[in-house]
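Novice: My structure is below; once you've seen it, I'll send some questions.
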Amino acid sequence: MSESMSESISQSQWQVLPPPDFPQWFLKAVKSHTKGYSGHYAAQLLWQRGIREEKQLAGFLNPDLYQPTSPFDFGEQIEWAVKRLLQAREAEEKVAIWGDFDADGITATSVLWEGLGQFFCQHQHLSYYIPNRLTESHGLNCPGIDQLNAAGVKLIVTCDTGSTNLSEIDYAHQLGMDVIITDHHTLPDDRPPVVSIINSRYLAESHPLFHLSGVAVAYKLVEAMYQRSPNIPQQRLENLLDLVAIGLIADLVELSGDCRYLAQRGIEQLKQQLKTRSRPGIARLLELCKRSGDRPTDISFGLGPRINAVSRIQGDASFCVELLTSKDEKRCEQLALETELANTRRMSLQKDITKQVKDKLAQLDLSTTNVIVLEDPQWPVGVLGLVAGQIAQEYGRPTILLSTVLLSTESSDRESQLGEAGLEDKHSYSIARGSARSVNNIDLYELVNSQAHLLHRFGGHPFAAGLSLPVDNIRLFREAINQQLAQKLGTTGALMMPAIEADLVVKVAELGKALFDELKHLEPCGMGNPVPKLLIKNCWFEQVWNRNSKDFRGRKVQYIKTKFEIWDDSTSMGFPGIWWGHYQDEVPKVRCNAVVELDYNNYEKRPEVRLVAVQPCQENYLQSCLQVSNQLDWILDCRGQELQGEGLTPLMVYECPTSWDELQVWCRRAIQAERQLAIAYPRPKQLSAQDTWKKLLGIAKFLSRTGQWATLVQLQEKLDLSDRTVELGLNALSAIGFEVSHQDCGVQISWHPKEWSSHGTNVAENDAIALRARCANAIFFAAIEEEQFRRQYFYQVPLSTIAAYNIAGYGMVGIKQD
């Protein structure tokens, strides 16, 4: 957006759209749909988003006035699919649904399970197969096809997957199985040898079915079956729409055309679940997440993450289909609790991995980074997509996070594993798997696919993708993909930070139920129709406090939220709000500009704002920096001492840093909170590298003997080392015969000195192993010495240097969104 089209706030990082000049007839038309509310805010937003014709407006706001598209708009592909399914019914063939493990794939499987279950006897002639996220990944695979073949399956119907699985489809064909694909992901260059491929991407981008997600495409196939054979089904087709809404909204597709219509109808049905309990599993999940089901956010922040969490944590999400479709209250209670526990674990893991990623980013020069590509052997694959999305939004760059997986080196398995991994080098046994997320409308699929020669597997769409590649290729991949995007953009990553675009400027006095109800008419919101962002100028915060979230059993989980009241001069009352993932010390104590979203707290039965971004008013921020910089005692030097005096409430720094970046974070917090900063870390311990190595060996022997696990954090605390240096120590253990395995954030160590055995090993091989061990030890020792040197430096550096360095670094900096 050009400067002439928007008001720029805070160095062009915030933009607010100017109020549009819409005609009076349009306001009157909007008001007729907003049930007595002014309609002015809704009209402004609708006009800005291109909803400007009366017929278009009516269909957008009222699903009763929208004409849904026929499933037969998919043409001969859907005709062929219906014909083949009816043939299978007539011949009593066994049919299998091949789904996917995310919320869109699970709901798509559930829609076909119930929908096709009206035509085929479930369990006898109809079954479903959900791949394991952690061991099989997305798409068709030959072992799974073998399993279906052994069960006598003659027809596979995919949902939310399969379009590019050409070799697997050919394999199924060789076994005598037909395949029907329903999908919405990127199309193959050549049509696969299938009975039918129903993929919304074959349609024109302007077609009302183009943006359908996997569950909606599956629904259209069931709808076509109902229309061709209306006398067979015993269940109403519309009973599937709540499942469709969950998958559509959870998959973040553009909610326009039939996508919006299906989501609207599905939410109408979903909000009845707490009363009717026609789907007891969904009703119980809504209760656990304290949601009523009447809003899309109940899916995007409630049901969707919980369904996704099962495969992220456990790998196998097959039971989620039963959870969504079973009528057994007792069984659904058990499955819902299992799902809730998986989500609790997911939140904690996501927070831990996000911190680790940010620690790695602090060591990079982001001014020369267009695409963030990071890897770590301890990262659990299941949560990397979530973390990548969070990092991409915060740092304004496409983000790819990879977990390196050590393949078995047993001779019987080695060759097959290397072949599956696509590794040509027989001396390389590692493969990296992970997730990619895009930002700023950068086509991620095109970008990653440009380096297909370096990859093992890859699939996805322009905004999100999954991939795997040999670890040896990561460096080349990182360099190539950065160069590719730099050429495309003609600029560097430093210019890629996304602007926060506010839709409306409001005052605190305007917040409340009336505004919430008016804006609710734009729901469901999502891609193409985002949640309205409201800019509140010259406001401040009171009653600020934070706490850890708790799970449904009242136990704390490591996920922070800060509550507050937001005030301005328009009213004598504050308005409640929440800031997810932030501490109370990060909330400015001066007057601010804030971007918020108006939400509804279903637990407390009231509207509240969700803070998106905040910056002190520029003049207040600069004044605060100036005041702090003029105070000689704004940083208290308590290194190796105890604080003296009463009434002092400074921010305390107890751990000795190893970089200026770590100190700057604390100084920024002190400036924001208008508090002193106390440098209170003790004198660093001077344990020799050899003694640290002996300590690590002792821990390794204990873990090997007892079979226990240790977290990386525990190892860091025990050894008093950073996570990077601990990882080098684990590499050194591996080099001398220990087997180090990572799972989630835990480390298991066992002793397997096979390589050191003199039986069957020649002198040259033993010398090579010994050299490798010495090199690994040398690297570990050097890292320890470097870390200790840095800590000693920051313990001794003069206070005046610390103050001058940090104040100089803050003069041009606003509040960074952590």
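Please note that chains go A, B, ... in the order of the structure tokens, that every chain numbers its residues from 1, and that ligands are numbered from 1 in the order shown.
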Which parts of range 294-432 of chain A does DSSP call strand (DSSP E) when run on the backbone here, written out as a PyMOL selection string?
Specialist: chain A and resi 372-376+399-406+430-432
Novice: Selection from above, all heavy atoms, as an mmCIF file, in the first residue's frame, can you write it?
Specialist:
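Writing done, so here's part_10.cif:
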data_model
loop_
_atom_site.group_PDB
_atom_site.id
_atom_site.type_symbol
_atom_site.label_atom_id
_atom_site.label_comp_id
_atom_site.auth_asym_id
_atom_site.auth_seq_id
_atom_site.Cartn_x
_atom_site.Cartn_y
_atom_site.Cartn_z
ATOM 1 N N ILE A 372 14.542 -18.146 6.581
ATOM 2 C CA ILE A 372 15.105 -18.762 7.783
ATOM 3 C C ILE A 372 15.068 -20.281 7.620
ATOM 4 O O ILE A 372 13.995 -20.856 7.412
ATOM 5 C CB ILE A 372 14.309 -18.342 9.033
ATOM 6 C CG1 ILE A 372 14.478 -16.836 9.284
ATOM 7 C CG2 ILE A 372 14.745 -19.143 10.255
ATOM 8 C CD1 ILE A 372 13.544 -16.290 10.346
ATOM 9 N N VAL A 373 16.233 -20.910 7.678
ATOM 10 C CA VAL A 373 16.335 -22.372 7.611
ATOM 11 C C VAL A 373 17.194 -22.822 8.781
ATOM 12 O O VAL A 373 18.386 -22.548 8.824
ATOM 13 C CB VAL A 373 16.961 -22.846 6.283
ATOM 14 C CG1 VAL A 373 16.999 -24.375 6.246
ATOM 15 C CG2 VAL A 373 16.195 -22.307 5.084
ATOM 16 N N LEU A 374 16.584 -23.488 9.749
ATOM 17 C CA LEU A 374 17.294 -23.936 10.939
ATOM 18 C C LEU A 374 17.022 -25.416 11.172
ATOM 19 O O LEU A 374 15.935 -25.911 10.848
ATOM 20 C CB LEU A 374 16.841 -23.140 12.164
ATOM 21 C CG LEU A 374 17.137 -21.632 12.167
ATOM 22 C CD1 LEU A 374 16.484 -20.974 13.370
ATOM 23 C CD2 LEU A 374 18.639 -21.373 12.152
ATOM 24 N N GLU A 375 17.991 -26.109 11.754
ATOM 25 C CA GLU A 375 17.803 -27.524 12.060
ATOM 26 C C GLU A 375 18.346 -27.835 13.442
ATOM 27 O O GLU A 375 19.213 -27.103 13.961
ATOM 28 C CB GLU A 375 18.495 -28.409 11.012
ATOM 29 C CG GLU A 375 20.002 -28.560 11.156
ATOM 30 C CD GLU A 375 20.780 -27.400 10.546
ATOM 31 O OE1 GLU A 375 20.164 -26.478 9.986
ATOM 32 O OE2 GLU A 375 22.031 -27.422 10.623
ATOM 33 N N ASP A 376 17.831 -28.899 14.036
ATOM 34 C CA ASP A 376 18.292 -29.333 15.352
ATOM 35 C C ASP A 376 17.871 -30.784 15.540
ATOM 36 O O ASP A 376 16.738 -31.143 15.219
ATOM 37 C CB ASP A 376 17.675 -28.452 16.449
ATOM 38 C CG ASP A 376 18.413 -28.587 17.768
ATOM 39 O OD1 ASP A 376 18.307 -29.672 18.387
ATOM 40 O OD2 ASP A 376 19.093 -27.634 18.187
ATOM 41 N N THR A 399 9.913 -19.395 6.781
ATOM 42 C CA THR A 399 10.684 -20.126 7.789
ATOM 43 C C THR A 399 10.566 -21.625 7.568
ATOM 44 O O THR A 399 9.470 -22.152 7.380
ATOM 45 C CB THR A 399 10.192 -19.765 9.198
ATOM 46 O OG1 THR A 399 10.373 -18.357 9.409
ATOM 47 C CG2 THR A 399 10.961 -20.527 10.261
ATOM 48 N N ILE A 400 11.717 -22.289 7.583
ATOM 49 C CA ILE A 400 11.783 -23.743 7.431
ATOM 50 C C ILE A 400 12.548 -24.301 8.624
ATOM 51 O O ILE A 400 13.707 -23.945 8.848
ATOM 52 C CB ILE A 400 12.486 -24.128 6.112
ATOM 53 C CG1 ILE A 400 11.747 -23.524 4.913
ATOM 54 C CG2 ILE A 400 12.583 -25.641 5.979
ATOM 55 C CD1 ILE A 400 12.469 -23.682 3.603
ATOM 56 N N LEU A 401 11.893 -25.142 9.397
ATOM 57 C CA LEU A 401 12.510 -25.756 10.571
ATOM 58 C C LEU A 401 12.602 -27.256 10.354
ATOM 59 O O LEU A 401 11.634 -27.892 9.947
ATOM 60 C CB LEU A 401 11.694 -25.457 11.826
ATOM 61 C CG LEU A 401 11.498 -23.971 12.158
ATOM 62 C CD1 LEU A 401 10.676 -23.817 13.428
ATOM 63 C CD2 LEU A 401 12.833 -23.255 12.298
ATOM 64 N N LEU A 402 13.770 -27.810 10.641
ATOM 65 C CA LEU A 402 14.054 -29.206 10.340
ATOM 66 C C LEU A 402 14.556 -29.942 11.572
ATOM 67 O O LEU A 402 15.314 -29.397 12.371
ATOM 68 C CB LEU A 402 15.117 -29.296 9.240
ATOM 69 C CG LEU A 402 14.787 -28.624 7.907
ATOM 70 C CD1 LEU A 402 16.037 -28.473 7.066
ATOM 71 C CD2 LEU A 402 13.735 -29.429 7.161
ATOM 72 N N SER A 403 14.116 -31.177 11.695
ATOM 73 C CA SER A 403 14.631 -32.056 12.738
ATOM 74 C C SER A 403 15.441 -33.149 12.067
ATOM 75 O O SER A 403 14.949 -33.825 11.168
ATOM 76 C CB SER A 403 13.477 -32.667 13.535
ATOM 77 O OG SER A 403 13.961 -33.589 14.487
ATOM 78 N N THR A 404 16.686 -33.307 12.486
ATOM 79 C CA THR A 404 17.527 -34.350 11.900
ATOM 80 C C THR A 404 17.258 -35.659 12.611
ATOM 81 O O THR A 404 17.231 -35.721 13.843
ATOM 82 C CB THR A 404 19.016 -33.984 12.015
ATOM 83 O OG1 THR A 404 19.311 -33.669 13.372
ATOM 84 C CG2 THR A 404 19.347 -32.798 11.145
ATOM 85 N N VAL A 405 17.053 -36.720 11.858
ATOM 86 C CA VAL A 405 16.706 -38.040 12.395
ATOM 87 C C VAL A 405 17.830 -39.006 12.065
ATOM 88 O O VAL A 405 18.143 -39.210 10.892
ATOM 89 C CB VAL A 405 15.378 -38.551 11.791
ATOM 90 C CG1 VAL A 405 15.037 -39.912 12.365
ATOM 91 C CG2 VAL A 405 14.258 -37.562 12.068
ATOM 92 N N LEU A 406 18.444 -39.582 13.073
ATOM 93 C CA LEU A 406 19.532 -40.528 12.849
ATOM 94 C C LEU A 406 18.951 -41.874 12.439
ATOM 95 O O LEU A 406 18.190 -42.487 13.182
ATOM 96 C CB LEU A 406 20.377 -40.696 14.112
ATOM 97 C CG LEU A 406 21.648 -41.529 13.959
ATOM 98 C CD1 LEU A 406 22.619 -40.847 13.010
ATOM 99 C CD2 LEU A 406 22.297 -41.737 15.316
ATOM 100 N N SER A 430 21.977 -39.657 7.873
ATOM 101 C CA SER A 430 21.030 -38.748 8.494
ATOM 102 C C SER A 430 20.123 -38.093 7.481
ATOM 103 O O SER A 430 20.536 -37.755 6.378
ATOM 104 C CB SER A 430 21.772 -37.666 9.288
ATOM 105 O OG SER A 430 22.428 -38.237 10.394
ATOM 106 N N ILE A 431 18.872 -37.927 7.889
ATOM 107 C CA ILE A 431 17.907 -37.236 7.060
ATOM 108 C C ILE A 431 17.185 -36.220 7.929
ATOM 109 O O ILE A 431 16.981 -36.444 9.118
ATOM 110 C CB ILE A 431 16.908 -38.224 6.433
ATOM 111 C CG1 ILE A 431 16.009 -37.519 5.412
ATOM 112 C CG2 ILE A 431 16.060 -38.914 7.489
ATOM 113 C CD1 ILE A 431 15.189 -38.485 4.582
ATOM 114 N N ALA A 432 16.851 -35.097 7.351
ATOM 115 C CA ALA A 432 16.138 -34.044 8.077
ATOM 116 C C ALA A 432 14.706 -33.986 7.580
ATOM 117 O O ALA A 432 14.453 -34.047 6.378
ATOM 118 C CB ALA A 432 16.827 -32.701 7.870
#
Novice: With only C-alpha atoms as the counted atoms, please give the residues lying no more than 8 Å from Pro192 in chain A, apart from itself and same-chain residues fewer than 4 positions off, as JSON, numbers by chain.
Specialist: {"A": [163, 164, 166, 169, 188]}
Novice: For Asp568 in chain A, list every protein, DNA or RNA residue within 7 Å, evaluated using only C-alpha atoms, and leave out those in the same chain fewer than 5 positions away; present the list as an MDAnalysis selection string.
Specialist: chainID A and resid 508 538:540
Novice: Applying 12 Å and only C-alpha atoms, which residues near Gln748 in chain A remain after dropping the ones on its own chain fewer than 6 positions away? List them as a ChimeraX atom specification.
Specialist: /A:378,699-712,715,730,733-734,738-742
Novice: For Ser318 in chain A, which residue out of A:Ile130, A:Ala151, A:Cys667, A:Leu677 is the nearest one, using only C-alpha atoms?
Specialist: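 Distance minimum relative to Ser318 in chain A lands on A:Ile130.
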Novice: For Glu787 in chain A, work out the shell of residues within 8 Å, counting only C-alpha atoms and skipping chain neighbours fewer than 3 positions away, then give it as a list in words.
Specialist: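 So the residues in contact are Thr658, Leu721, Ala783, Ile784, Arg790 and Arg791 of chain A.
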Novice: Grab the residues selected above and save them as a PDB file, in the first residue's frame with all heavy atoms.
Specialist:
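What follows is the written file again_23.pdb:
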ATOM      1  N   THR A 658      26.160 -14.307  27.758  1.00  0.00           N
ATOM      2  CA  THR A 658      27.307 -14.616  26.904  1.00  0.00           C
ATOM      3  C   THR A 658      27.305 -13.761  25.643  1.00  0.00           C
ATOM      4  O   THR A 658      28.101 -13.976  24.746  1.00  0.00           O
ATOM      5  CB  THR A 658      27.307 -16.108  26.505  1.00  0.00           C
ATOM      6  OG1 THR A 658      26.074 -16.409  25.835  1.00  0.00           O
ATOM      7  CG2 THR A 658      27.457 -17.003  27.722  1.00  0.00           C
ATOM      8  N   LEU A 721      26.193 -24.977  31.030  1.00  0.00           N
ATOM      9  CA  LEU A 721      26.584 -24.688  29.653  1.00  0.00           C
ATOM     10  C   LEU A 721      25.353 -24.296  28.839  1.00  0.00           C
ATOM     11  O   LEU A 721      24.223 -24.613  29.217  1.00  0.00           O
ATOM     12  CB  LEU A 721      27.251 -25.914  29.009  1.00  0.00           C
ATOM     13  CG  LEU A 721      28.560 -26.408  29.622  1.00  0.00           C
ATOM     14  CD1 LEU A 721      28.976 -27.713  28.950  1.00  0.00           C
ATOM     15  CD2 LEU A 721      29.662 -25.355  29.485  1.00  0.00           C
ATOM     16  N   ALA A 783      34.550 -25.034  22.746  1.00  0.00           N
ATOM     17  CA  ALA A 783      33.278 -24.350  22.994  1.00  0.00           C
ATOM     18  C   ALA A 783      33.133 -24.000  24.467  1.00  0.00           C
ATOM     19  O   ALA A 783      32.641 -22.919  24.822  1.00  0.00           O
ATOM     20  CB  ALA A 783      32.118 -25.226  22.539  1.00  0.00           C
ATOM     21  N   ILE A 784      33.557 -24.907  25.364  1.00  0.00           N
ATOM     22  CA  ILE A 784      33.504 -24.631  26.807  1.00  0.00           C
ATOM     23  C   ILE A 784      34.376 -23.425  27.135  1.00  0.00           C
ATOM     24  O   ILE A 784      33.969 -22.505  27.857  1.00  0.00           O
ATOM     25  CB  ILE A 784      33.964 -25.862  27.612  1.00  0.00           C
ATOM     26  CG1 ILE A 784      32.977 -27.022  27.442  1.00  0.00           C
ATOM     27  CG2 ILE A 784      34.123 -25.510  29.086  1.00  0.00           C
ATOM     28  CD1 ILE A 784      33.458 -28.324  28.054  1.00  0.00           C
ATOM     29  N   ARG A 790      33.550 -15.696  27.575  1.00  0.00           N
ATOM     30  CA  ARG A 790      32.492 -14.692  27.412  1.00  0.00           C
ATOM     31  C   ARG A 790      31.847 -14.337  28.751  1.00  0.00           C
ATOM     32  O   ARG A 790      31.570 -13.175  29.035  1.00  0.00           O
ATOM     33  CB  ARG A 790      31.428 -15.213  26.442  1.00  0.00           C
ATOM     34  CG  ARG A 790      31.856 -15.195  24.978  1.00  0.00           C
ATOM     35  CD  ARG A 790      30.803 -15.844  24.093  1.00  0.00           C
ATOM     36  NE  ARG A 790      31.113 -15.677  22.683  1.00  0.00           N
ATOM     37  CZ  ARG A 790      30.681 -14.666  21.938  1.00  0.00           C
ATOM     38  NH1 ARG A 790      29.903 -13.743  22.472  1.00  0.00           N
ATOM     39  NH2 ARG A 790      31.007 -14.584  20.668  1.00  0.00           N
ATOM     40  N   ARG A 791      31.587 -15.336  29.566  1.00  0.00           N
ATOM     41  CA  ARG A 791      30.975 -15.065  30.863  1.00  0.00           C
ATOM     42  C   ARG A 791      31.917 -14.258  31.765  1.00  0.00           C
ATOM     43  O   ARG A 791      31.486 -13.365  32.492  1.00  0.00           O
ATOM     44  CB  ARG A 791      30.589 -16.377  31.546  1.00  0.00           C
ATOM     45  CG  ARG A 791      29.370 -17.023  30.903  1.00  0.00           C
ATOM     46  CD  ARG A 791      28.980 -18.299  31.588  1.00  0.00           C
ATOM     47  NE  ARG A 791      27.763 -18.856  30.987  1.00  0.00           N
ATOM     48  CZ  ARG A 791      27.312 -20.067  31.206  1.00  0.00           C
ATOM     49  NH1 ARG A 791      27.992 -20.874  32.011  1.00  0.00           N
ATOM     50  NH2 ARG A 791      26.201 -20.489  30.628  1.00  0.00           N
TER      51      ARG A 791
END
Novice: Just the residues within 9 Å of Ala464 in chain A, please, counting only C-alpha atoms, with nothing from its chain fewer than 6 positions along; format it as JSON, numbers by chain.
Specialist: {"A": [385, 389, 435, 436, 437, 438, 444, 445]}
Novice: Which is closest to Gln334 in chain A among A:Cys320, A:Val16, A:Leu240, A:Val195, if we use only C-alpha atoms?
Specialist: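 Closest to Gln334 in chain A of all the choices is A:Cys320.
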Novice: Quick one: residues within 8 Å of range 199-215 of chain A, only C-alpha atoms counted, chain neighbours fewer than 4 positions away excluded, as a count of residues only?
Specialist: 32
Novice: Choose the residue, out of A:Ile78, A:Ile145, A:Leu515, A:Ala502, that has the smallest atom-to-atom separation from Trp98 in chain A; count only C-alpha atoms.
Specialist: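 That would be A:Ile145, the residue with the smallest distance to Trp98 in chain A.
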Novice: So how many Å separate CA of Pro63 in chain A and CA of Tyr261 in chain A, to one decimal?
Specialist: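 Atom-to-atom, CA of Pro63 in chain A to CA of Tyr261 in chain A, that is 5.9 Å.
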Novice: Between CA of Cys142 in chain A and CA of Leu467 in chain A, what distance in Å does the model show, to one decimal?
Specialist: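 Separation between CA of Cys142 in chain A and CA of Leu467 in chain A: 18.4 Å.
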Novice: For the atom pair CA of Pro462 in chain A and CA of Leu252 in chain A, what is the interatomic distance in Å to one decimal place?
Specialist: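 A separation of 12.0 Å between them.
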Novice: Using DSSP on the backbone coordinates, identify all residues within range 304-501 of chain A classified as helix (DSSP H, G or I); present the result as a PyMOL selection string.
Specialist: chain A and resi 304-314+319-325+329-361+366-368+381-395+411-421+444-449+452-454+471-489+493-495
